[in-house]
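A quick write-up on the structure given underneath.
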Amino acid sequence: MLQLTVITVGNLKESYWREALAEYEKRLCAFCKPNIIQLKEAKLSENPSASEIAAALSDEGKRILAAIPPRAYRIALCVEGKQFSSEELADKLDAAVTSNGSICLIIGSSFGLSAEVKSACDLRLSVSKLTFPHQMMRVLLLEVLYRSFSILKGTKYHK
């Protein structure tokens, strides 16, 4: 069965986000073996300087890179990433599974991802030009993945 890893930085504090994430994680089990890895967010001051942010991203980046499964097709979620329709993303994921056997998606902290993480990825993905809260993005990503796998399997979920 397909191994799907999602690496995120920071914790989900509100129960409604955790419940929504758990629901989509459960749904994904019909198509793959999901593994959600939550890494601790680097501590920053109230108004961090550019150098503090860069150091935090570097620290988080090292831990992200260490958590990526070997041989996985790596996808970084970032604002400058490529946007796809639901069907196009499903096809992209299908091709990634065929070539690599596993997929790893990465969501950074509220300040994003380090350049090292982005460079190590096979694809930079943007879900939308809109900005979403970090916690909502996790749920949105799992819904997008569930929709993609539903499209590939021909289920009624995607309309």
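In the structure tokens, chains take letters A, B, ... by order of appearance, with residues numbered from 1 within each chain and ligands from 1 in the order shown.
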I'd like a table as CSV: residues in range 79-150 of chain A with an atom no more than 10 Å from range 32-40 of chain A, each row giving the shortest atom pair and its distance in Å to one decimal, only C-alpha atoms counted, sorted by chain and rising residue number.
```
residue,atom,partner,partner_atom,distance
A:Ser102,CA,A:Cys32,CA,9.5
A:Ile103,CA,A:Pro34,CA,9.8
A:Cys104,CA,A:Asn35,CA,9.2
A:Leu105,CA,A:Ile36,CA,9.6
A:Ile106,CA,A:Ile37,CA,9.5
A:Ile107,CA,A:Gln38,CA,9.7
A:Gly108,CA,A:Leu39,CA,9.5
A:Ser109,CA,A:Lys40,CA,9.3
A:Arg138,CA,A:Ile36,CA,9.9
A:Leu142,CA,A:Pro34,CA,9.7
A:Tyr146,CA,A:Cys32,CA,9.7
A:Phe149,CA,A:Cys32,CA,8.8
```
Within range 25-84 of chain A, find each residue whose DSSP state, derived from the backbone, is strand (DSSP E or B), and express the selection as a ChimeraX atom specification.
/A:33-39,73-82
Spatial neighbours of range 89-92 of chain A, 8 Å, only C-alpha atoms, chain gap at least 4 places, as a list in words
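Within the cut-off, the hits are Phe84, Ser85, Ala96, Ser148, Phe149, Ile151 and Leu152 of chain A.
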For the selection just defined, write its residues with all heavy atoms to a file, as a short mmCIF file (atom, residue, chain, number, x, y, z; two decimals), in the first residue's frame.
```cif
data_model
loop_
_atom_site.label_atom_id
_atom_site.label_comp_id
_atom_site.auth_asym_id
_atom_site.auth_seq_id
_atom_site.Cartn_x
_atom_site.Cartn_y
_atom_site.Cartn_z
N PHE A 84 -2.36 23.42 -9.47
CA PHE A 84 -2.95 22.40 -10.33
C PHE A 84 -4.46 22.36 -10.10
O PHE A 84 -4.92 22.70 -9.01
CB PHE A 84 -2.41 21.00 -9.98
CG PHE A 84 -0.94 20.81 -10.21
CD1 PHE A 84 -0.04 21.00 -9.17
CD2 PHE A 84 -0.46 20.43 -11.44
CE1 PHE A 84 1.32 20.81 -9.36
CE2 PHE A 84 0.90 20.23 -11.65
CZ PHE A 84 1.79 20.42 -10.60
N SER A 85 -5.19 21.88 -11.09
CA SER A 85 -6.59 21.54 -10.85
C SER A 85 -6.59 20.24 -10.05
O SER A 85 -5.55 19.56 -9.92
CB SER A 85 -7.33 21.33 -12.18
OG SER A 85 -6.87 20.15 -12.82
N ALA A 96 3.94 10.24 -9.48
CA ALA A 96 4.94 10.19 -8.40
C ALA A 96 4.95 8.82 -7.73
O ALA A 96 6.01 8.28 -7.42
CB ALA A 96 4.66 11.29 -7.37
N SER A 148 -7.81 13.78 -4.48
CA SER A 148 -6.94 13.27 -5.55
C SER A 148 -7.02 11.75 -5.65
O SER A 148 -7.17 11.20 -6.75
CB SER A 148 -5.49 13.69 -5.30
OG SER A 148 -5.35 15.08 -5.43
N PHE A 149 -6.92 11.08 -4.52
CA PHE A 149 -6.99 9.61 -4.55
C PHE A 149 -8.39 9.13 -4.95
O PHE A 149 -8.53 8.10 -5.61
CB PHE A 149 -6.57 9.03 -3.20
CG PHE A 149 -5.09 9.19 -2.94
CD1 PHE A 149 -4.64 9.83 -1.81
CD2 PHE A 149 -4.14 8.72 -3.84
CE1 PHE A 149 -3.29 9.99 -1.56
CE2 PHE A 149 -2.78 8.87 -3.61
CZ PHE A 149 -2.36 9.51 -2.46
N ILE A 151 -10.33 10.67 -7.08
CA ILE A 151 -10.35 10.83 -8.53
C ILE A 151 -9.67 9.64 -9.19
O ILE A 151 -10.19 9.04 -10.13
CB ILE A 151 -9.66 12.15 -8.95
CG1 ILE A 151 -10.53 13.34 -8.54
CG2 ILE A 151 -9.38 12.18 -10.46
CD1 ILE A 151 -9.83 14.69 -8.65
N LEU A 152 -8.49 9.27 -8.68
CA LEU A 152 -7.74 8.16 -9.27
C LEU A 152 -8.49 6.83 -9.17
O LEU A 152 -8.39 5.99 -10.06
CB LEU A 152 -6.36 8.04 -8.61
CG LEU A 152 -5.40 9.20 -8.88
CD1 LEU A 152 -4.16 9.07 -8.02
CD2 LEU A 152 -5.06 9.28 -10.35
#
```
Closest of A:Gln135, A:Gln83, A:Asn100, A:Ser150 to Leu12 in chain A - atom-to-atom distances counting only C-alpha atoms
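Of A:Gln135, A:Gln83, A:Asn100, A:Ser150, the one nearest Leu12 in chain A is A:Gln135, counting only C-alpha atoms.
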Long-range neighbours of Val79 in chain A as a PDB file with N, CA and C atoms, in the first residue's frame, 12 Å cut-off, only C-alpha atoms, 3 positions minimum in chain:
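Heads up, here's the output in selection.pdb:
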```pdb
ATOM      1  N   ALA A  76       6.990  20.240  -1.537  1.00  0.00           N
ATOM      2  CA  ALA A  76       6.983  21.347  -0.582  1.00  0.00           C
ATOM      3  C   ALA A  76       5.789  22.241  -0.873  1.00  0.00           C
ATOM      4  N   LYS A  82       3.672  25.636  -7.843  1.00  0.00           N
ATOM      5  CA  LYS A  82       2.794  25.466  -8.997  1.00  0.00           C
ATOM      6  C   LYS A  82       1.389  25.109  -8.518  1.00  0.00           C
ATOM      7  N   GLN A  83       0.398  25.640  -9.207  1.00  0.00           N
ATOM      8  CA  GLN A  83      -0.991  25.315  -8.898  1.00  0.00           C
ATOM      9  C   GLN A  83      -1.525  24.338  -9.940  1.00  0.00           C
ATOM     10  N   ILE A 107       4.720  20.859   5.000  1.00  0.00           N
ATOM     11  CA  ILE A 107       4.153  22.166   5.327  1.00  0.00           C
ATOM     12  C   ILE A 107       5.059  22.789   6.378  1.00  0.00           C
ATOM     13  N   GLY A 108       5.593  23.944   6.106  1.00  0.00           N
ATOM     14  CA  GLY A 108       6.483  24.620   7.040  1.00  0.00           C
ATOM     15  C   GLY A 108       5.720  25.341   8.137  1.00  0.00           C
ATOM     16  N   SER A 110       4.736  29.050  10.218  1.00  0.00           N
ATOM     17  CA  SER A 110       4.069  30.256   9.729  1.00  0.00           C
ATOM     18  C   SER A 110       4.992  31.138   8.897  1.00  0.00           C
ATOM     19  N   PHE A 111       6.306  30.938   9.004  1.00  0.00           N
ATOM     20  CA  PHE A 111       7.252  31.699   8.183  1.00  0.00           C
ATOM     21  C   PHE A 111       7.686  30.922   6.942  1.00  0.00           C
ATOM     22  N   GLY A 112       7.119  29.742   6.740  1.00  0.00           N
ATOM     23  CA  GLY A 112       7.394  28.981   5.526  1.00  0.00           C
ATOM     24  C   GLY A 112       8.443  27.908   5.704  1.00  0.00           C
ATOM     25  N   LEU A 113       9.185  27.674   4.629  1.00  0.00           N
ATOM     26  CA  LEU A 113      10.205  26.629   4.574  1.00  0.00           C
ATOM     27  C   LEU A 113      11.553  27.238   4.206  1.00  0.00           C
ATOM     28  N   LYS A 118      13.143  23.494   0.253  1.00  0.00           N
ATOM     29  CA  LYS A 118      12.542  23.687  -1.073  1.00  0.00           C
ATOM     30  C   LYS A 118      13.426  23.094  -2.167  1.00  0.00           C
ATOM     31  N   ARG A 124       7.334  21.976  -5.996  1.00  0.00           N
ATOM     32  CA  ARG A 124       6.823  23.021  -5.107  1.00  0.00           C
ATOM     33  C   ARG A 124       5.364  23.215  -5.487  1.00  0.00           C
ATOM     34  N   LEU A 125       4.477  23.050  -4.506  1.00  0.00           N
ATOM     35  CA  LEU A 125       3.037  23.078  -4.738  1.00  0.00           C
ATOM     36  C   LEU A 125       2.405  24.242  -3.997  1.00  0.00           C
ATOM     37  N   SER A 126       1.524  24.952  -4.686  1.00  0.00           N
ATOM     38  CA  SER A 126       0.696  25.971  -4.062  1.00  0.00           C
ATOM     39  C   SER A 126      -0.750  25.531  -4.227  1.00  0.00           C
ATOM     40  N   VAL A 127      -1.471  25.438  -3.130  1.00  0.00           N
ATOM     41  CA  VAL A 127      -2.871  25.019  -3.183  1.00  0.00           C
ATOM     42  C   VAL A 127      -3.747  26.169  -3.667  1.00  0.00           C
ATOM     43  N   SER A 128      -3.324  27.402  -3.404  1.00  0.00           N
ATOM     44  CA  SER A 128      -4.112  28.570  -3.783  1.00  0.00           C
ATOM     45  C   SER A 128      -3.246  29.809  -3.697  1.00  0.00           C
ATOM     46  N   LYS A 129      -3.664  30.869  -4.375  1.00  0.00           N
ATOM     47  CA  LYS A 129      -2.994  32.155  -4.236  1.00  0.00           C
ATOM     48  C   LYS A 129      -3.417  32.833  -2.935  1.00  0.00           C
ATOM     49  N   LEU A 130      -4.488  32.340  -2.339  1.00  0.00           N
ATOM     50  CA  LEU A 130      -4.962  32.878  -1.072  1.00  0.00           C
ATOM     51  C   LEU A 130      -4.046  32.432   0.065  1.00  0.00           C
ATOM     52  N   THR A 131      -4.039  33.180   1.143  1.00  0.00           N
ATOM     53  CA  THR A 131      -3.284  32.818   2.334  1.00  0.00           C
ATOM     54  C   THR A 131      -4.243  32.186   3.341  1.00  0.00           C
ATOM     55  N   PHE A 132      -3.846  31.056   3.904  1.00  0.00           N
ATOM     56  CA  PHE A 132      -4.655  30.346   4.891  1.00  0.00           C
ATOM     57  C   PHE A 132      -3.897  30.244   6.206  1.00  0.00           C
TER      58      PHE A 132
END
```
Best match for closeness to Leu93 in chain A among A:Val9, A:Met137, A:Ala22, A:Leu145, counting only C-alpha atoms:
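Among the listed residues, A:Leu145 lies closest to Leu93 in chain A.
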Rank nothing, just name the residue among A:Val139, A:Ala50, A:Cys29, A:Val97 nearest to Arg74 in chain A, using only C-alpha atoms.
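Of A:Val139, A:Ala50, A:Cys29, A:Val97, the one nearest Arg74 in chain A, counting only C-alpha atoms, is A:Val97.
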Name the closest residue to Ala55 in chain A among the candidates A:Val6, A:Asp122, A:Ala115, A:Tyr157; distances are taken between atoms, counting only C-alpha atoms.
A:Ala115
Compare A:Gly61, A:Leu21, A:Asn47, A:Leu28 by their minimum atom-to-atom distance to Met1 in chain A, counting only C-alpha atoms, and give me the closest one.
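Among the listed residues, the smallest separation from Met1 in chain A belongs to A:Leu28.
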Counting only C-alpha atoms, the option among A:Phe31, A:Pro48, A:Leu65, A:His134 closest to Leu2 in chain A
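Of all the options, A:Phe31 lies closest to Leu2 in chain A.
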